[in-house]
Structures are given as C-alpha cells and as structure tokens.
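Engineer: I have a structure here, written as structure tokens, and I will follow up with some questions on it.
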Amino acid sequence: MRIDVITIFPGYLAPLREALLGRAIAAGLVDLDVHDLRDWTHDVHQAVDDAPYGGGPGMVMRPQVWGEALDAVLARDARTPRIVVPTPAGRPFTQATAQEWAGAERLLFACGRYEGIDQRVVDDARGRGLPVDEVSIGDYVLVGGEAAVLVMVEAVVRLLPGVLGNPASAEQDSFSDGLLEGPAYTRPETWRGLAVPEVLRSGNHAAIARWRRDRALERTAQRRPDLLAALPERALDKADRAF
Ligand SMILES: CN1CCCC[C@@H]1Cn1ccc2ccc(-c3n[nH]c(N)c3C#N)cc21
C-alpha cells in the first residue's frame, strides 16, 4: 500500500515512521510519503489560506494551492488513491472503514487546517471521478486533520497482511465482532489483593471462551448499548441471549 499525506505540518506525521508502522514501512509493506503543501505556493509568503467568502471567523485553505498539490502527488504513482479528507463534518470513521481502506492500493490524506479546505477542491476531485471520503474520527473538534490521519493510518495499516505479528489479534479486535473487548489479565495471580478471575487459570478453554464472551457482552451493554442494538440477529447465539 502507498500512503501519501499532504499537510502544512509534515513534522506532525513523524510518528508514522515509529514502532509498528515504522516496521511495516521498513518491511516494504507500506510506502509512505509526506508532502509539504507550501511546496505548491508561488508567493514569497507561501500563503495557503485566505478570508472566507460570506465573512465569518478564521481563514479557508486556498483551492489553487490544494489543486496543484493534489495533481502533482496524484501523478507520482499510477495507482488511483482513495482521497481522504478528515473533517468534523465527515462520515464517522469506524473499524469497518479501516477494513475497507485496508483493501486499497493507495490512500492520499489531505490535511486541512484553519476553517478547512475550500469545498471546490473536493468537488473538483469527485468531478474527475476520483473517490473522495470526507470522514471524522469522532464528535469533538480538533485544530487540523493531522491527528486524525495518525489515528486512521494506524487503524488501517495494522490490518494489512504481515504487519501484526499475530494476525489473530486483528480478528479478535474490539468491534471486529461488533462487541467491545472484555478485561485482560497477566501475572501475577494476585496484585494488591486483587486476584485474576479463576476461570482464566482453569485451563478449561470452553469455559474461558464463554467467560470472555460474557464479559464482552456485559461491557458492551454497559458502555455501548448502541453497538449491541446494531448487532444482526445471527450475531448472538443462544448462550449469548441467556447472558
Ligand atoms: C476548528 N476549526 C473550525 C471548525 C471546523 C474545523 C476546524 C479545524 N480543522 C481544520 C481542518 C480539520 C480537519 C479535521 C478536524 C477534526 N476535528 N474533529 C474531528 N473528529 C476531525 C476529524 N477528522 C478539524 C479540522
């Protein structure tokens, strides 16, 4: 997978070259290029923003600069990317989105700042037949798109074959079966007077699987009843319903 990121703060994306993602890049599973939007300005001030039509607070990112940047980055690889524009006004980014994008050959992230990117940049890309996803990572307001890109790239890249040491980890993710993960424990058996649940030390794999499923159902019902309500009928077996 090739990933391009266009931003006015390239340094913000440095963590993408650390740890798991860094290893994926080193292993050739991911090609990452981060581009400075100001490379496509032509004035001495390298202006990337201007006052909003219709008035209002803040500044809007200029379409000319973004248009040139996108055209140039698109041309650097024959593969057509999904263009991803983080925005608080976007569709929710979910595990399903990450799984869908993990199948893409190329992703191109356009990081806005200020009040956002002139809407005609997205409209022009879509008008040329390019797939553009305007997405939000949550119902809170950030200062720009870079933090969202860190989140989304991690969620996608970890799903790529060969990235996680144990592929079962991704299969047993929270959300992969529609439920939150239950509690996890490791040694010592007792810590500050708190013991590991006995069933986890029983060696009875069926009982352990049932206990873990019950804890996931319990936690999901308590913290995310919306996820439980969204589960398809077939997702809960008879034992789940008895829970
Ligand atoms: C605050 N300021 C005026 C109101 C509009 C947004 C703007 C800031 N801003 C500019 C570009 C940009 C991109 C993403 C996000 C963002 N916020 N929250 C999310 N879940 C996000 C995503 N994904 C915020 C951004």
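Order determines the names: the first chain of the structure tokens is A, the second B, and so forth; residues in each chain are numbered 1 upward, and ligands are numbered 1 upward as they are shown.
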Please, which residues in chain A fall within 10 Å of ligand 1 when counting only C-alpha atoms and all ligand atoms, and what is the closest atom pair and distance in Å to one decimal for each, ordered by chain then residue number, as a Markdown table?

Structural biologist:
| residue | atom | partner | partner_atom_place_in_ligand_line | distance |
| --- | --- | --- | --- | --- |
| A:Pro57 | CA | ligand 1 | 3 (C) | 8.7 |
| A:Gly58 | CA | ligand 1 | 3 (C) | 7.7 |
| A:Met59 | CA | ligand 1 | 3 (C) | 9.2 |
| A:Val60 | CA | ligand 1 | 10 (C) | 8.9 |
| A:Met61 | CA | ligand 1 | 10 (C) | 9.2 |
| A:Val84 | CA | ligand 1 | 23 (N) | 9.6 |
| A:Val85 | CA | ligand 1 | 13 (C) | 7.4 |
| A:Pro86 | CA | ligand 1 | 23 (N) | 3.8 |
| A:Thr87 | CA | ligand 1 | 14 (C) | 3.7 |
| A:Pro88 | CA | ligand 1 | 21 (C) | 4.1 |
| A:Ala89 | CA | ligand 1 | 21 (C) | 7.6 |
| A:Gly90 | CA | ligand 1 | 23 (N) | 7.0 |
| A:Arg91 | CA | ligand 1 | 23 (N) | 9.1 |
| A:Pro92 | CA | ligand 1 | 20 (N) | 8.4 |
| A:Phe93 | CA | ligand 1 | 23 (N) | 8.1 |
| A:Ala110 | CA | ligand 1 | 13 (C) | 8.9 |
| A:Cys111 | CA | ligand 1 | 13 (C) | 6.3 |
| A:Gly112 | CA | ligand 1 | 11 (C) | 3.9 |
| A:Arg113 | CA | ligand 1 | 10 (C) | 3.7 |
| A:Tyr114 | CA | ligand 1 | 10 (C) | 4.9 |
| A:Glu115 | CA | ligand 1 | 3 (C) | 4.3 |
| A:Gly116 | CA | ligand 1 | 10 (C) | 4.4 |
| A:Ile117 | CA | ligand 1 | 11 (C) | 7.2 |
| A:Glu134 | CA | ligand 1 | 23 (N) | 8.2 |
| A:Val135 | CA | ligand 1 | 23 (N) | 5.7 |
| A:Ser136 | CA | ligand 1 | 23 (N) | 3.6 |
| A:Ile137 | CA | ligand 1 | 20 (N) | 4.2 |
| A:Gly138 | CA | ligand 1 | 20 (N) | 4.1 |
| A:Asp139 | CA | ligand 1 | 20 (N) | 5.6 |
| A:Tyr140 | CA | ligand 1 | 18 (N) | 5.0 |
| A:Val141 | CA | ligand 1 | 18 (N) | 3.6 |
| A:Leu142 | CA | ligand 1 | 17 (N) | 3.7 |
| A:Val143 | CA | ligand 1 | 8 (C) | 4.1 |
| A:Gly144 | CA | ligand 1 | 12 (C) | 3.7 |
| A:Gly145 | CA | ligand 1 | 13 (C) | 3.6 |
| A:Glu146 | CA | ligand 1 | 13 (C) | 7.4 |
| A:Ala147 | CA | ligand 1 | 23 (N) | 7.9 |
| A:Ala148 | CA | ligand 1 | 23 (N) | 4.9 |
| A:Val149 | CA | ligand 1 | 23 (N) | 7.6 |
| A:Val151 | CA | ligand 1 | 23 (N) | 9.2 |
| A:Met152 | CA | ligand 1 | 23 (N) | 9.0 |

Engineer: Under the rule of at most 9 Å, produce a per-residue listing of segment 153-242 of chain A near segment 7-31 of chain A: chain, number, name, the closest pair of atoms, and the distance in Å, as JSON lines, using only C-alpha atoms.

Structural biologist:
{"residue": "A:Val153", "atom": "CA", "partner": "A:Leu16", "partner_atom": "CA", "distance": 8.0}
{"residue": "A:Glu154", "atom": "CA", "partner": "A:Leu21", "partner_atom": "CA", "distance": 7.1}
{"residue": "A:Val157", "atom": "CA", "partner": "A:Leu21", "partner_atom": "CA", "distance": 7.1}
{"residue": "A:Arg158", "atom": "CA", "partner": "A:Leu21", "partner_atom": "CA", "distance": 7.7}
{"residue": "A:Leu160", "atom": "CA", "partner": "A:Leu29", "partner_atom": "CA", "distance": 7.9}
{"residue": "A:Pro161", "atom": "CA", "partner": "A:Leu29", "partner_atom": "CA", "distance": 8.3}
{"residue": "A:Gly162", "atom": "CA", "partner": "A:Leu29", "partner_atom": "CA", "distance": 7.7}
{"residue": "A:Val163", "atom": "CA", "partner": "A:Ala24", "partner_atom": "CA", "distance": 5.8}
{"residue": "A:Leu164", "atom": "CA", "partner": "A:Leu20", "partner_atom": "CA", "distance": 7.9}

Engineer: Could the residues in this selection be written to a file with all heavy atoms, as a PDB file, in the first residue's frame?

Structural biologist:
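Written output follows (again.pdb):
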ATOM      1  N   VAL A 153      -4.399   6.101   9.845  1.00  0.00           N
ATOM      2  CA  VAL A 153      -3.328   5.299   9.229  1.00  0.00           C
ATOM      3  C   VAL A 153      -2.985   4.109  10.123  1.00  0.00           C
ATOM      4  O   VAL A 153      -2.839   2.972   9.654  1.00  0.00           O
ATOM      5  CB  VAL A 153      -2.079   6.165   8.948  1.00  0.00           C
ATOM      6  CG1 VAL A 153      -0.867   5.284   8.598  1.00  0.00           C
ATOM      7  CG2 VAL A 153      -2.371   7.149   7.819  1.00  0.00           C
ATOM      8  N   GLU A 154      -2.938   4.328  11.429  1.00  0.00           N
ATOM      9  CA  GLU A 154      -2.627   3.209  12.338  1.00  0.00           C
ATOM     10  C   GLU A 154      -3.723   2.140  12.255  1.00  0.00           C
ATOM     11  O   GLU A 154      -3.440   0.941  12.142  1.00  0.00           O
ATOM     12  CB  GLU A 154      -2.493   3.703  13.773  1.00  0.00           C
ATOM     13  CG  GLU A 154      -2.219   2.566  14.756  1.00  0.00           C
ATOM     14  CD  GLU A 154      -1.717   3.054  16.109  1.00  0.00           C
ATOM     15  OE1 GLU A 154      -0.856   3.954  16.136  1.00  0.00           O
ATOM     16  OE2 GLU A 154      -2.175   2.507  17.123  1.00  0.00           O
ATOM     17  N   VAL A 157      -3.278   0.382   8.676  1.00  0.00           N
ATOM     18  CA  VAL A 157      -2.032  -0.361   8.420  1.00  0.00           C
ATOM     19  C   VAL A 157      -1.941  -1.623   9.280  1.00  0.00           C
ATOM     20  O   VAL A 157      -1.448  -2.661   8.839  1.00  0.00           O
ATOM     21  CB  VAL A 157      -0.803   0.551   8.605  1.00  0.00           C
ATOM     22  CG1 VAL A 157       0.500  -0.253   8.610  1.00  0.00           C
ATOM     23  CG2 VAL A 157      -0.786   1.621   7.516  1.00  0.00           C
ATOM     24  N   ARG A 158      -2.423  -1.590  10.511  1.00  0.00           N
ATOM     25  CA  ARG A 158      -2.366  -2.768  11.376  1.00  0.00           C
ATOM     26  C   ARG A 158      -3.166  -3.935  10.792  1.00  0.00           C
ATOM     27  O   ARG A 158      -2.965  -5.084  11.181  1.00  0.00           O
ATOM     28  CB  ARG A 158      -2.850  -2.472  12.786  1.00  0.00           C
ATOM     29  CG  ARG A 158      -4.312  -2.143  12.913  1.00  0.00           C
ATOM     30  CD  ARG A 158      -4.673  -1.791  14.353  1.00  0.00           C
ATOM     31  NE  ARG A 158      -4.566  -2.928  15.230  1.00  0.00           N
ATOM     32  CZ  ARG A 158      -5.527  -3.841  15.415  1.00  0.00           C
ATOM     33  NH1 ARG A 158      -6.660  -3.755  14.725  1.00  0.00           N
ATOM     34  NH2 ARG A 158      -5.372  -4.838  16.262  1.00  0.00           N
ATOM     35  N   LEU A 160      -3.162  -4.723   7.566  1.00  0.00           N
ATOM     36  CA  LEU A 160      -2.508  -5.244   6.362  1.00  0.00           C
ATOM     37  C   LEU A 160      -1.810  -6.564   6.661  1.00  0.00           C
ATOM     38  O   LEU A 160      -1.178  -6.704   7.723  1.00  0.00           O
ATOM     39  CB  LEU A 160      -1.500  -4.213   5.808  1.00  0.00           C
ATOM     40  CG  LEU A 160      -2.053  -2.860   5.391  1.00  0.00           C
ATOM     41  CD1 LEU A 160      -0.917  -1.965   4.872  1.00  0.00           C
ATOM     42  CD2 LEU A 160      -3.152  -3.012   4.357  1.00  0.00           C
ATOM     43  N   PRO A 161      -1.909  -7.531   5.765  1.00  0.00           N
ATOM     44  CA  PRO A 161      -1.230  -8.816   5.968  1.00  0.00           C
ATOM     45  C   PRO A 161       0.263  -8.633   6.248  1.00  0.00           C
ATOM     46  O   PRO A 161       0.923  -7.849   5.549  1.00  0.00           O
ATOM     47  CB  PRO A 161      -1.463  -9.544   4.637  1.00  0.00           C
ATOM     48  CG  PRO A 161      -2.668  -8.898   4.036  1.00  0.00           C
ATOM     49  CD  PRO A 161      -2.634  -7.463   4.483  1.00  0.00           C
ATOM     50  N   GLY A 162       0.721  -9.317   7.303  1.00  0.00           N
ATOM     51  CA  GLY A 162       2.157  -9.276   7.602  1.00  0.00           C
ATOM     52  C   GLY A 162       2.558  -8.188   8.568  1.00  0.00           C
ATOM     53  O   GLY A 162       3.686  -8.183   9.080  1.00  0.00           O
ATOM     54  N   VAL A 163       1.620  -7.272   8.880  1.00  0.00           N
ATOM     55  CA  VAL A 163       2.003  -6.166   9.773  1.00  0.00           C
ATOM     56  C   VAL A 163       1.961  -6.601  11.234  1.00  0.00           C
ATOM     57  O   VAL A 163       2.910  -6.386  11.988  1.00  0.00           O
ATOM     58  CB  VAL A 163       1.092  -4.943   9.548  1.00  0.00           C
ATOM     59  CG1 VAL A 163       1.336  -3.875  10.611  1.00  0.00           C
ATOM     60  CG2 VAL A 163       1.333  -4.372   8.148  1.00  0.00           C
ATOM     61  N   LEU A 164       0.839  -7.220  11.624  1.00  0.00           N
ATOM     62  CA  LEU A 164       0.751  -7.665  13.022  1.00  0.00           C
ATOM     63  C   LEU A 164       1.450  -9.021  13.167  1.00  0.00           C
ATOM     64  O   LEU A 164       1.270  -9.906  12.324  1.00  0.00           O
ATOM     65  CB  LEU A 164      -0.722  -7.801  13.443  1.00  0.00           C
ATOM     66  CG  LEU A 164      -1.480  -6.516  13.733  1.00  0.00           C
ATOM     67  CD1 LEU A 164      -2.900  -6.847  14.146  1.00  0.00           C
ATOM     68  CD2 LEU A 164      -0.790  -5.690  14.813  1.00  0.00           C
TER      69      LEU A 164
END

Engineer: Just how far from atom CA of Ala98 of chain A is atom CA of Asp71 of chain A, in Å to one decimal?

Structural biologist: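 It comes out at 25.0 Å.
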
Engineer: To test your reading of the structure, identify every residue in segment 59-167 of chain A that backbone DSSP assigns to strand (DSSP E), and report it as a VMD selection string.

Structural biologist: chain A and resid 60 to 61 82 to 92 106 to 110 132 to 136

Engineer: Next, write the just-selected residues to a file, as a compact mmCIF listing (two decimals), in the first residue's frame, keeping N, CA, C and O atoms as the atom set.

Structural biologist:
# COMPACT_ATOMS: atom_id res chain seq x y z
N VAL A 60 -9.82 30.22 5.24
CA VAL A 60 -10.09 28.97 4.50
C VAL A 60 -8.88 28.66 3.62
O VAL A 60 -8.23 29.58 3.09
N MET A 61 -8.59 27.38 3.44
CA MET A 61 -7.42 26.99 2.65
C MET A 61 -7.73 27.15 1.16
O MET A 61 -8.78 26.70 0.69
N ARG A 82 -7.72 6.30 -2.92
CA ARG A 82 -8.86 6.90 -2.23
C ARG A 82 -8.32 8.20 -1.63
O ARG A 82 -7.28 8.17 -0.96
N ILE A 83 -8.98 9.30 -1.89
CA ILE A 83 -8.58 10.57 -1.28
C ILE A 83 -9.38 10.74 0.00
O ILE A 83 -10.62 10.65 -0.02
N VAL A 84 -8.68 10.93 1.10
CA VAL A 84 -9.35 11.02 2.40
C VAL A 84 -9.16 12.43 2.95
O VAL A 84 -8.04 12.92 3.06
N VAL A 85 -10.29 13.08 3.25
CA VAL A 85 -10.24 14.43 3.81
C VAL A 85 -10.83 14.39 5.22
O VAL A 85 -12.06 14.26 5.38
N PRO A 86 -10.00 14.43 6.25
CA PRO A 86 -10.53 14.48 7.62
C PRO A 86 -11.28 15.80 7.84
O PRO A 86 -10.80 16.85 7.43
N THR A 87 -12.44 15.73 8.46
CA THR A 87 -13.23 16.92 8.79
C THR A 87 -14.24 16.55 9.86
O THR A 87 -14.79 15.44 9.84
N PRO A 88 -14.51 17.47 10.81
CA PRO A 88 -15.53 17.17 11.82
C PRO A 88 -16.91 16.99 11.20
O PRO A 88 -17.81 16.44 11.82
N ALA A 89 -17.06 17.46 9.96
CA ALA A 89 -18.35 17.32 9.27
C ALA A 89 -18.41 16.03 8.45
O ALA A 89 -19.33 15.85 7.64
N GLY A 90 -17.44 15.14 8.64
CA GLY A 90 -17.39 13.94 7.82
C GLY A 90 -18.22 12.79 8.33
O GLY A 90 -18.75 12.82 9.45
N ARG A 91 -18.32 11.75 7.51
CA ARG A 91 -18.96 10.49 7.96
C ARG A 91 -18.04 9.85 9.01
O ARG A 91 -16.83 10.02 8.96
N PRO A 92 -18.64 9.13 9.98
CA PRO A 92 -17.79 8.54 11.02
C PRO A 92 -16.78 7.54 10.47
O PRO A 92 -17.13 6.68 9.66
N ARG A 106 -3.86 2.38 -2.62
CA ARG A 106 -3.24 3.68 -2.31
C ARG A 106 -4.23 4.57 -1.58
O ARG A 106 -5.40 4.62 -1.94
N LEU A 107 -3.75 5.27 -0.57
CA LEU A 107 -4.55 6.25 0.16
C LEU A 107 -3.83 7.59 0.09
O LEU A 107 -2.59 7.63 0.21
N LEU A 108 -4.57 8.68 -0.11
CA LEU A 108 -4.00 10.02 -0.14
C LEU A 108 -4.77 10.87 0.87
O LEU A 108 -5.97 11.11 0.68
N PHE A 109 -4.10 11.28 1.94
CA PHE A 109 -4.75 12.06 3.00
C PHE A 109 -4.48 13.55 2.80
O PHE A 109 -3.31 13.96 2.67
N ALA A 110 -5.53 14.35 2.80
CA ALA A 110 -5.42 15.80 2.64
C ALA A 110 -5.73 16.45 3.98
O ALA A 110 -6.89 16.46 4.42
N VAL A 132 -13.48 10.23 -3.13
CA VAL A 132 -13.11 11.12 -2.02
C VAL A 132 -13.97 10.79 -0.82
O VAL A 132 -15.20 10.76 -0.92
N ASP A 133 -13.33 10.52 0.33
CA ASP A 133 -14.07 10.25 1.56
C ASP A 133 -13.81 11.40 2.54
O ASP A 133 -12.66 11.63 2.92
N GLU A 134 -14.86 12.12 2.90
CA GLU A 134 -14.77 13.12 3.97
C GLU A 134 -15.20 12.42 5.25
O GLU A 134 -16.34 11.99 5.39
N VAL A 135 -14.25 12.24 6.17
CA VAL A 135 -14.50 11.43 7.37
C VAL A 135 -14.10 12.15 8.65
O VAL A 135 -13.25 13.03 8.65
N SER A 136 -14.77 11.74 9.74
CA SER A 136 -14.47 12.29 11.06
C SER A 136 -14.10 11.15 12.01
O SER A 136 -14.70 10.08 11.95

Engineer: Return as a Markdown table the residues of segment 41-143 of chain A lying at most 12 Å from segment 176-195 of chain A, together with the closest atom-to-atom pair for each and the distance in Å to one decimal, counting only C-alpha atoms, with rows in chain order and ascending residue number.

Structural biologist:
| residue | atom | partner | partner_atom | distance |
| --- | --- | --- | --- | --- |
| A:Thr94 | CA | A:Ser176 | CA | 10.4 |
| A:Gln95 | CA | A:Ser176 | CA | 7.2 |
| A:Ala96 | CA | A:Ser176 | CA | 8.2 |
| A:Thr97 | CA | A:Ser176 | CA | 11.6 |
| A:Ala98 | CA | A:Ser176 | CA | 10.8 |
| A:Gln99 | CA | A:Ser176 | CA | 9.4 |

Engineer: Write out as number ranges by chain the residues lying within 12 Å of segment 209-218 of chain A, counting only C-alpha atoms and excluding same-chain residues fewer than 2 positions away.

Structural biologist: A: 172-175, 177-185, 197-207, 220-225, 227-229, 231, 235-243

Engineer: Please provide as a list in words all residues within 12 Å of Arg120 of chain A, with the sequence filter that same-chain residues fewer than 6 positions apart are discarded (counting only C-alpha atoms).

Structural biologist: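 Close residues of Arg120 of chain A: Val60, Met61, Arg62, Pro63, Gln64, Val65, Trp66, Gly67, Arg126, Gly127 and Arg128 of chain A.
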
Engineer: Measuring between only C-alpha atoms, which one of A:Asp4, A:Gln119, A:Leu74, A:Gln46 shows the shortest distance to Leu32 of chain A?

Structural biologist: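 Selected residue with least distance to Leu32 of chain A: A:Asp4.
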
Engineer: Using only C-alpha atoms, can you tell me which of A:Ala78, A:Asp118, A:Arg38, A:Gly103 comes closest to Tyr53 of chain A?

Structural biologist: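 Under the stated criterion, the closest residue is A:Asp118.
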
Engineer: Pick the closest to Trp40 of chain A from A:Ala69, A:Ala104, A:Leu159, A:Ala75: which is it, counting only C-alpha atoms?

Structural biologist: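 Among A:Ala69, A:Ala104, A:Leu159, A:Ala75, it is A:Ala69 that comes nearest to Trp40 of chain A.
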
Engineer: How far is it from atom CA of Leu70 of chain A to atom CA of Glu100 of chain A, in Å with one decimal?

Structural biologist: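 Between these atoms lies a distance of 22.4 Å.
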